[in-house]
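S.K.: Sharing a structure with you now.
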Amino acid sequence: MNGFSYHEQILLLFSTPFYIIIIGAEILLSNFHFHKKTYTLKDTLTNIYLTLANGSIDMAFKLSYLWILTLVANHSATQPLSNTVVYWLLLLILEDFVYYWLHRFDHTTRFLWAVHVTHHSSQQFNFSVGFRSSVFEPLYRFIFFIPLAWLGFRPLDILFMYSATQIWGTLVHTELVGKLGWLEKILVTPSHHRVHHSSNPKYLDKNMGMFLIIWDKLFGTFQEELSEKEYAPIQYGLTHNLENPNAFTIIFHEWIQVFKDVTRGGLTWKQRMGYLFGPPGYSHDGSRKTSRQLEKEEEEARLSSK
Ligand SMILES: [Zn+2]
Ligand SMILES: [Zn+2]
């Protein structure tokens with residue numbers, strides 16, 4: 001067993017040339033049709049580097065987490081569903097549901113944000129940003145798949161479904177597609193994901209779904225993309241962008257900051273834990289701000305300026 005199902009190999013075989021074609025098309029279209037430079041060489045090379053780093057860690061760790069998922073599946077509460085259509089449809093919905101929660105924890109717990117921050121560190125937004133992977137996410141992603149294995153879904157099928165929905169999750173990284181009508185109500189669209197990559201306070205930690213947008217609507221993290229007139233132009237990237245990232249700091253900078261914060265002198269244990277497990281932007285002295293504090297401030301400033 002090499003850790004890839006037959007389905008997943010087929011997926012990889014077809015998706016790679018497909019990505020190359022759409023990235024090429026996006027570069028040409030944005031340059032010559034919209035006269036907008038959405039790609040820079042440095043940023044694109046960084047995205048490729050991060051996807052290779054992520055892929056290597058995933059490969060190295062795959063047999064271990066597959067083994068754990070198989071162990072759970074062997075003690076499953078139920079047999080896999082015999083109706084193939086229902087089985088795959090249910091797997092699609094439940095896998096997307098657990099991904100929503102993985103992604104939500106990525107954004108709301110500092111030690112996971114320290115891993116996920118890389119995906120958000122580009123100030124550009126194009127298909128190649130979809131490859132700007134959270135490098136160490138494969139080390140804990142499988143934990144969220146354990147309930148699915150326990151429910152009777154085959155581990156390789158779970159991983160296949162993750163890869164399949166990830167194709168959609170990659171394709172929504174573009175400025176070339178506007179709003180998609182009724183699809184906006186059900187699926188995660190480029191418009192939704194532009195909001196997700198924006199550092200404007202109102203847009204922080206919103207639209208965390210990969211395939212279905214319904215989870216954000218159900219659990220209170222949905223935000224529609226507003227026009228410049230209604231709100232403000234989108235600023236892609238982080239609230240504090242890295243000045244001169246290198247191959248090392250682009251992956252580890254937030255971890256270095258977490259370490260500095262946690263080991264600072266004169267803090268109580270509760271404050272140290274706040275820096276590790278609290279929301280990004282937590283500070284014991286109010287010197288930094290969390291997403292919700294920033295959003296509240298922006299809203300208050302808007303109301304008082306009226
Ligand atoms: Zn995110
Ligand atoms: Zn993204």
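Residue numbers start at 1 in each chain; chains themselves are named A, B, ... in the order of the structure tokens; ligands are numbered from 1 in the order shown.
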Please identify all protein, DNA and RNA residues within 10 Å of ligand 1, counting only C-alpha atoms and all ligand atoms, and report them as a PDB file with C-alpha atoms, in the first residue's frame.

M.R.:
```
ATOM      1  CA  TYR A 100     -15.116  23.566   8.383  1.00  0.00           C
ATOM      2  CA  LEU A 102     -10.641  22.162  11.329  1.00  0.00           C
ATOM      3  CA  HIS A 103     -10.397  25.470   9.478  1.00  0.00           C
ATOM      4  CA  ARG A 104     -12.306  27.300  12.199  1.00  0.00           C
ATOM      5  CA  PHE A 105      -9.901  26.015  14.873  1.00  0.00           C
ATOM      6  CA  ASP A 106      -7.029  27.029  12.558  1.00  0.00           C
ATOM      7  CA  HIS A 107      -8.294  30.595  12.769  1.00  0.00           C
ATOM      8  CA  TRP A 113      -3.096  29.757  13.449  1.00  0.00           C
ATOM      9  CA  HIS A 116      -2.321  28.159   8.975  1.00  0.00           C
ATOM     10  CA  VAL A 117      -1.015  31.744   8.768  1.00  0.00           C
ATOM     11  CA  THR A 118       1.196  30.833   5.776  1.00  0.00           C
ATOM     12  CA  HIS A 119      -1.877  30.261   3.610  1.00  0.00           C
ATOM     13  CA  HIS A 120      -2.975  33.819   4.365  1.00  0.00           C
ATOM     14  CA  SER A 134      -0.355  25.356   5.640  1.00  0.00           C
ATOM     15  CA  HIS A 193     -13.110  33.137  -0.496  1.00  0.00           C
ATOM     16  CA  HIS A 196     -11.739  34.894   3.643  1.00  0.00           C
ATOM     17  CA  HIS A 197      -8.333  36.128   2.431  1.00  0.00           C
ATOM     18  CA  LEU A 204     -11.484  38.508   9.339  1.00  0.00           C
ATOM     19  CA  ASP A 205     -12.153  34.832  10.153  1.00  0.00           C
ATOM     20  CA  LYS A 206     -15.177  34.631   7.874  1.00  0.00           C
ATOM     21  CA  ASN A 207     -16.238  32.042   5.256  1.00  0.00           C
ATOM     22  CA  MET A 208     -14.182  29.062   6.411  1.00  0.00           C
ATOM     23  CA  GLY A 209     -15.932  26.383   4.358  1.00  0.00           C
ATOM     24  CA  MET A 210     -14.143  24.450   1.596  1.00  0.00           C
TER      25      MET A 210
END
```

S.K.: Write out as a list of chain:residue names each polymer residue whose atoms come within 7 Å of stretch 142-149 of chain A, counting only C-alpha atoms; drop sequence neighbours fewer than 2 positions from it.

M.R.: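 Here the answer would be A:Tyr65, A:Leu69, A:Val72, A:Ala73, A:Ser76, A:Val98, A:Leu102, A:Tyr140, A:Leu151, A:Gly152, A:Phe153, A:Arg154, A:Pro155.
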
S.K.: Kindly indicate which residue among A:Val129, A:Ile10, A:Ile256, A:Ala114 lies nearest to ligand 2, using only C-alpha atoms and all ligand atoms for the distances.

M.R.: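 Result for the nearest residue to ligand 2: A:Val129.
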
S.K.: Could you give me the residues within stretch 176-206 of chain A that DSSP places in alpha helix (DSSP H), as an MDAnalysis selection string?

M.R.: chainID A and resid 183:186 190:196

S.K.: The selected residues should be written to file as a compact mmCIF listing (two decimals), in the first residue's frame (atoms: C-alpha atoms).

M.R.:
```txt
# COMPACT_ATOMS: atom_id res chain seq x y z
CA LEU A 183 -24.67 29.03 -6.35
CA GLU A 184 -23.59 31.66 -3.78
CA LYS A 185 -26.28 30.28 -1.47
CA ILE A 186 -24.94 26.73 -1.41
CA PRO A 190 -14.53 32.91 -5.34
CA SER A 191 -16.46 35.86 -3.89
CA HIS A 192 -16.75 34.12 -0.50
CA HIS A 193 -13.11 33.14 -0.50
CA ARG A 194 -11.93 36.66 -1.40
CA VAL A 195 -13.56 37.71 1.86
CA HIS A 196 -11.74 34.89 3.64
```

S.K.: Contacts of stretch 21-25 of chain A at 12 Å or less, counting only C-alpha atoms, minus same-chain residues fewer than 2 places along, as a PyMOL selection string?

M.R.: chain A and resi 14-19+27-33+38-39+44+125-131+170-174+176

S.K.: Any chance you could export the current selection's C-alpha atoms as a compact mmCIF listing (two decimals), in the first residue's frame?

M.R.:
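So result39.txt came out as:
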```
# COMPACT_ATOMS: atom_id res chain seq x y z
CA PHE A 14 -5.80 14.88 -14.20
CA SER A 15 -5.73 17.81 -11.80
CA THR A 16 -2.03 18.71 -12.23
CA PRO A 17 -2.14 19.62 -15.97
CA PHE A 18 -5.55 21.22 -15.38
CA TYR A 19 -4.08 23.55 -12.75
CA ILE A 27 -2.06 35.17 -15.97
CA LEU A 28 -2.86 35.93 -19.62
CA LEU A 29 -6.42 37.06 -19.01
CA SER A 30 -5.63 39.33 -16.06
CA ASN A 31 -2.65 40.91 -17.86
CA PHE A 32 -4.03 41.42 -21.34
CA HIS A 33 -7.76 41.68 -20.79
CA THR A 38 -2.26 39.55 -10.21
CA TYR A 39 0.91 37.44 -10.24
CA THR A 44 4.27 32.34 -7.20
CA PHE A 125 -5.09 36.60 -4.73
CA ASN A 126 -4.92 34.20 -7.65
CA PHE A 127 -5.16 30.45 -8.37
CA SER A 128 -1.56 29.87 -7.28
CA VAL A 129 -2.41 31.14 -3.75
CA GLY A 130 -4.56 28.01 -3.52
CA PHE A 131 -1.26 26.12 -3.41
CA THR A 170 -8.17 25.70 -4.86
CA LEU A 171 -10.30 26.96 -7.74
CA VAL A 172 -12.03 29.60 -5.63
CA HIS A 173 -8.75 31.56 -5.37
CA THR A 174 -9.41 34.05 -8.17
CA LEU A 176 -11.63 36.84 -12.28
```
